[in-house]
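A short worksheet on the structure shown next.
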Amino acid sequence: MKRLKRKKQNAGVGVNGSVTREADCGRKQKLAEIHQALISDPVDIESLRRAAASNGGLLTDELRRKVWPKLLNINVYDLPHKPGQDVRENHKDYNQVVLDVRRSMKRFPKGMPASERAVLQQQLIDIILEVLKRTPQLHYYQGYHDVAVTLLLVVGERMAIAMLDTLSNHHLRDFMDPTMDSTKHILNYLMPILEQVDTELHDFMIRAEVGTIFALSWLITWYGHVLSDFKHTMRLYDFFLASHPLMPIYLAATIVLHREKEVKKTECDMAMVHHLLSRIPQDLPYERLIGRAQDLLDQYPPSLLAKRAALQPRKSLSISTFQAFQFSTLHQRPDSVLQRLTKAQGSTHSRHASRPSGQEAALPRDRGQLWGTGNRMVKMAVWGLSATLGAAVFAVAQTALDWGPEALLQLF
């Protein structure tokens with residue numbers, strides 16, 4: 001009997017060990033494929049996009065610091081300078097940005113020393129103001145800081161400026177108009193997606209008059225505002241950076257579809273349905289949802305959905321510029337070549353003298369400079385953290401979208 005029990009135990013270990021080995025082999029293969037894509041000349045962007053969207057995403061923060069810039073066509077050896085104090089002078093959004101950043105404490109890893117968090121928050125303010133200063137037609141919105149802080153925690157200050165600048169002019173562009181009209185336009189894609197997949201669920205939500213406002217914070221913060229675990233936020237950023245600008249709304253549709261039974265069991269009442277949907281579960285099967293969102297976009301592309309009457313009147317800048325943006329990423333040189341080219345430009349000493357070599361160009365070095373104290377530095381261990389973050393629950397009572405931009409003050 002004991003011998004039989006030991007055999008069963010050994011069999012179980014064998015199966016588990018086999019699964020673990022397969023997972024390790026799959027991980028190693030993916031790492032090798034990403035590395036090969038990065039050193040190809042030109043960089044194999046399509047392989048990097050597939051890796052970012054496929055199971056597990058980009059796996060590590062170290063890889064994200066290498067791949068994220070490539071997905072956005074950013075040269076790690078030609079990053080913006082750190083902003084000076086003048087970036088804060090007479091900026092119309094300064095006070096609002098400061099208020100939002102002060103409220104962002106839960107977005108930082110638990111256990112981070114208050115002094116380090118304070119320095120990062122000051123950097124966060126400067127990153128946002130610098131990007132807005134570079135492109136005056138961009139308008140700050142509350143929730144923008146949630147995108148900025150995710151980038152800062154992963155890639156550091158200078159790279160975060162470059163990435164946020166690119167995203168603001170492409171993927172996030174519709175959210176940065178002076179009114180909410182373009183944002184409402186993007187939200188309006190949600191119900192047609194649901195109608196294509198589950199007519200019964202779509203009709204139930206129409207009868208409940210729940211609208212789409214429950215998904216607003218998901219969309220404009222790329223879910224950074226509503227997820228408590230930073231590893232899930234980073235996984236979604238891998239996916240969104242490699243995808244169509246409307247992918248966050250397709251993911252919103254998959255989340256609603258995933259909760260279809262819960263929704264249908266709820267009383268067909270606006271307040272009840274909104275209450276359920278606005279509180280996003282923290283244990284979602286993200287990999288499965290990501291795969292389904294990609295399938296939905298392939299089956300029902302924005303061009304098909306846009307033919308619906310509700311989506312016709314307004315043109316999306318994010319959508320209309322996406323194809324050209326994607327094409328611009330296809331001819332990038334690997335970092336080893338960019339490094340040699342940068343060194344060859346010896347006449348531009350002032351621009352490159354303080355820039356670290358290799359991928360260190362994407363990372364912050366002295367976090368004390370913003371405080372005027374050269375002896376305060378954020379430990380590099382911060383960038384390896386993937387601690388659980390606090391949840392910021394987003395809920396509103398409105399269902400209609402006929403409200404002005406000032407209503408955002410009540411949302412965050």
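Here, A, B, ... name the chains of the structure tokens in the order displayed, residue numbers run from 1 inside each chain, and ligands are numbered from 1 in the same displayed order.
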
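Near segment 329-339 of chain A, within a cut-off of 6 Å and counting only C-alpha atoms, sit the residues Ile39, Asp41, Pro42, Val43, Asn73, Gln326 and Thr342 of chain A, with same-chain residues fewer than 3 positions away left out.
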
Exercise. In segment 236-320 of chain A, what's alpha helix (DSSP H) per DSSP? Answer as a ChimeraX atom specification?
Worked result: /A:236-241,247-258,260-265,270-278,286-299,302-305,317-320

Problem set entry | Contacts of Leu59 of chain A within 10 Å, only C-alpha atoms, excl. fewer than 3 positions in-chain, as a ChimeraX atom specification | /A:27,30-31,51-52,55-56,62-64,231,234-235,238

Problem set entry | Shortest interatomic distance to Gln196 of chain A - which of A:Arg117, A:Arg134, A:Arg308, A:His139, counting only C-alpha atoms |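 Nearest candidate to Gln196 of chain A out of A:Arg117, A:Arg134, A:Arg308, A:His139: A:Arg308.
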
Exercise. Suppose you want the space between atom CA of Ala160 of chain A and atom CA of Ile127 of chain A; what is it in Å?
Worked result: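 Result for atom CA of Ala160 of chain A versus atom CA of Ile127 of chain A: 7.2 Å, one decimal.
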
Exercise. Neighbours of His258 of chain A within 10 Å (only C-alpha atoms; same-chain residues fewer than 3 positions away dropped), as a list in words?
Worked result: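 Non-adjacent residues within range: Ala252, Ala253, Thr254, Ile255, Lys261, Glu262, Val263, Leu284, Pro285, Arg288, Leu289 and Arg292 of chain A.
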
Problem set entry | Non-local contacts of Met176 of chain A (7 Å; only C-alpha atoms; under 5 positions in same chain excluded) as a ChimeraX atom specification | /A:138-141

File of the preceding selection, N, CA, C and O atoms, as a PDB file, in the first residue's frame:
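What ended up in selection.pdb:
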```pdb
ATOM      1  N   LEU A 138      -1.897  69.772 -26.893  1.00  0.00           N
ATOM      2  CA  LEU A 138      -2.331  68.686 -26.024  1.00  0.00           C
ATOM      3  C   LEU A 138      -2.910  69.257 -24.738  1.00  0.00           C
ATOM      4  O   LEU A 138      -2.328  70.159 -24.130  1.00  0.00           O
ATOM      5  N   HIS A 139      -4.027  68.713 -24.305  1.00  0.00           N
ATOM      6  CA  HIS A 139      -4.697  69.190 -23.094  1.00  0.00           C
ATOM      7  C   HIS A 139      -4.662  68.095 -22.033  1.00  0.00           C
ATOM      8  O   HIS A 139      -5.046  66.953 -22.289  1.00  0.00           O
ATOM      9  N   TYR A 140      -4.222  68.478 -20.858  1.00  0.00           N
ATOM     10  CA  TYR A 140      -4.130  67.532 -19.746  1.00  0.00           C
ATOM     11  C   TYR A 140      -5.516  67.028 -19.352  1.00  0.00           C
ATOM     12  O   TYR A 140      -6.494  67.768 -19.377  1.00  0.00           O
ATOM     13  N   TYR A 141      -5.589  65.746 -19.010  1.00  0.00           N
ATOM     14  CA  TYR A 141      -6.832  65.201 -18.457  1.00  0.00           C
ATOM     15  C   TYR A 141      -6.494  64.422 -17.192  1.00  0.00           C
ATOM     16  O   TYR A 141      -5.385  63.890 -17.042  1.00  0.00           O
TER      17      TYR A 141
END
```

For this session: Between atom CA of Asp86 of chain A and atom CA of Leu124 of chain A, measure the distance and give it in Å to one decimal.
Result: 15.0 Å

Exercise. Do you have the atom CA of Arg259 of chain A-atom CA of Leu305 of chain A distance handy?
Worked result: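 So the two atoms, atom CA of Arg259 of chain A and atom CA of Leu305 of chain A, lie 22.4 Å apart.
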
For this session: Quick one: everything within 12 Å of Val87 of chain A, counting only C-alpha atoms, minus sequence neighbours fewer than 6 positions away in the same chain. Send it as a ChimeraX atom specification.
Result: /A:81,93-94,122-123,125-134

Any chance you can output those residues with all heavy atoms as a compact mmCIF listing (two decimals), in the first residue's frame?
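Wrote result-v4.txt, looks like this:
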```
# COMPACT_ATOMS: atom_id res chain seq x y z
N HIS A 81 16.45 65.70 -22.43
CA HIS A 81 17.13 66.07 -21.18
C HIS A 81 16.13 66.08 -20.04
O HIS A 81 14.92 66.22 -20.25
CB HIS A 81 17.77 67.45 -21.31
CG HIS A 81 18.91 67.49 -22.27
ND1 HIS A 81 20.09 66.83 -22.04
CD2 HIS A 81 19.05 68.11 -23.47
CE1 HIS A 81 20.92 67.05 -23.06
NE2 HIS A 81 20.31 67.82 -23.94
N ASP A 93 -1.55 74.09 -16.29
CA ASP A 93 -2.00 72.84 -15.67
C ASP A 93 -1.23 72.48 -14.41
O ASP A 93 -1.49 71.42 -13.82
CB ASP A 93 -1.87 71.69 -16.68
CG ASP A 93 -2.80 71.85 -17.87
OD1 ASP A 93 -4.01 72.07 -17.65
OD2 ASP A 93 -2.32 71.77 -19.02
N TYR A 94 -0.31 73.33 -14.00
CA TYR A 94 0.58 72.98 -12.89
C TYR A 94 -0.19 72.58 -11.63
O TYR A 94 0.05 71.52 -11.04
CB TYR A 94 1.54 74.13 -12.58
CG TYR A 94 2.36 73.91 -11.34
CD1 TYR A 94 3.41 73.00 -11.33
CD2 TYR A 94 2.06 74.60 -10.15
CE1 TYR A 94 4.16 72.77 -10.18
CE2 TYR A 94 2.80 74.38 -9.00
CZ TYR A 94 3.85 73.47 -9.02
OH TYR A 94 4.57 73.24 -7.89
N GLN A 122 7.88 64.14 -7.66
CA GLN A 122 8.36 65.39 -8.26
C GLN A 122 8.76 65.15 -9.72
O GLN A 122 8.50 65.98 -10.60
CB GLN A 122 9.55 65.93 -7.46
CG GLN A 122 9.19 66.41 -6.05
CD GLN A 122 8.12 67.48 -6.07
OE1 GLN A 122 8.25 68.47 -6.81
NE2 GLN A 122 7.08 67.30 -5.29
N GLN A 123 9.39 64.03 -9.99
CA GLN A 123 9.73 63.69 -11.37
C GLN A 123 8.48 63.51 -12.21
O GLN A 123 8.43 63.93 -13.37
CB GLN A 123 10.56 62.40 -11.41
CG GLN A 123 11.98 62.56 -10.89
CD GLN A 123 12.82 61.33 -11.14
OE1 GLN A 123 12.31 60.27 -11.47
NE2 GLN A 123 14.12 61.47 -10.96
N ILE A 125 5.59 64.98 -11.87
CA ILE A 125 5.07 66.31 -12.21
C ILE A 125 5.84 66.89 -13.39
O ILE A 125 5.25 67.40 -14.35
CB ILE A 125 5.19 67.25 -10.98
CG1 ILE A 125 4.24 66.80 -9.88
CG2 ILE A 125 4.88 68.71 -11.38
CD1 ILE A 125 4.45 67.52 -8.55
N ASP A 126 7.16 66.80 -13.33
CA ASP A 126 7.99 67.39 -14.40
C ASP A 126 7.81 66.66 -15.72
O ASP A 126 7.81 67.30 -16.79
CB ASP A 126 9.46 67.36 -13.98
CG ASP A 126 9.77 68.37 -12.87
OD1 ASP A 126 8.96 69.29 -12.68
OD2 ASP A 126 10.81 68.21 -12.22
N ILE A 127 7.66 65.34 -15.68
CA ILE A 127 7.45 64.57 -16.91
C ILE A 127 6.19 65.05 -17.61
O ILE A 127 6.17 65.32 -18.82
CB ILE A 127 7.35 63.07 -16.59
CG1 ILE A 127 8.72 62.51 -16.19
CG2 ILE A 127 6.79 62.28 -17.77
CD1 ILE A 127 8.66 61.13 -15.59
N ILE A 128 5.11 65.15 -16.86
CA ILE A 128 3.83 65.55 -17.44
C ILE A 128 3.90 66.95 -18.01
O ILE A 128 3.49 67.21 -19.15
CB ILE A 128 2.71 65.45 -16.38
CG1 ILE A 128 2.49 63.98 -16.00
CG2 ILE A 128 1.42 66.08 -16.88
CD1 ILE A 128 1.59 63.79 -14.79
N LEU A 129 4.44 67.88 -17.24
CA LEU A 129 4.50 69.28 -17.68
C LEU A 129 5.43 69.43 -18.89
O LEU A 129 5.16 70.24 -19.79
CB LEU A 129 4.96 70.18 -16.54
CG LEU A 129 4.01 70.26 -15.33
CD1 LEU A 129 4.60 71.16 -14.25
CD2 LEU A 129 2.63 70.78 -15.76
N GLU A 130 6.51 68.66 -18.92
CA GLU A 130 7.44 68.74 -20.05
C GLU A 130 6.77 68.30 -21.34
O GLU A 130 6.92 68.94 -22.39
CB GLU A 130 8.67 67.86 -19.76
CG GLU A 130 9.66 67.75 -20.91
CD GLU A 130 10.35 69.07 -21.23
OE1 GLU A 130 10.39 69.96 -20.37
OE2 GLU A 130 10.87 69.19 -22.37
N VAL A 131 6.02 67.21 -21.30
CA VAL A 131 5.34 66.73 -22.50
C VAL A 131 4.28 67.72 -22.96
O VAL A 131 4.16 68.02 -24.15
CB VAL A 131 4.70 65.34 -22.24
CG1 VAL A 131 3.82 64.93 -23.41
CG2 VAL A 131 5.78 64.30 -22.00
N LEU A 132 3.52 68.27 -22.02
CA LEU A 132 2.49 69.26 -22.38
C LEU A 132 3.13 70.53 -22.95
O LEU A 132 2.58 71.14 -23.87
CB LEU A 132 1.64 69.59 -21.15
CG LEU A 132 0.81 68.44 -20.58
CD1 LEU A 132 0.12 68.89 -19.30
CD2 LEU A 132 -0.21 67.95 -21.59
N LYS A 133 4.28 70.88 -22.41
CA LYS A 133 4.98 72.08 -22.91
C LYS A 133 5.49 71.87 -24.33
O LYS A 133 5.48 72.79 -25.15
CB LYS A 133 6.15 72.40 -21.97
CG LYS A 133 6.93 73.65 -22.34
CD LYS A 133 8.06 73.89 -21.36
CE LYS A 133 8.89 75.10 -21.75
NZ LYS A 133 10.02 75.30 -20.81
N ARG A 134 5.91 70.66 -24.64
CA ARG A 134 6.44 70.36 -25.97
C ARG A 134 5.37 70.48 -27.06
O ARG A 134 5.66 70.86 -28.18
CB ARG A 134 6.98 68.92 -26.00
CG ARG A 134 8.31 68.74 -25.30
CD ARG A 134 8.58 67.25 -25.06
NE ARG A 134 9.98 67.07 -24.69
CZ ARG A 134 10.88 66.45 -25.45
NH1 ARG A 134 10.54 65.96 -26.61
NH2 ARG A 134 12.12 66.35 -25.04
```

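With only C-alpha atoms as the atoms that count, the minimum distance from Gly156 of chain A to the choices A:Asp44, A:Asp61, A:Asp283, A:Asp295 is reached by A:Asp61.
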
For this session: Could you check which of A:Leu167, A:Leu38, A:Val256, A:Val147 is closest to His202 of chain A, using only C-alpha atoms?
Result: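 Closest candidate: A:Val256.
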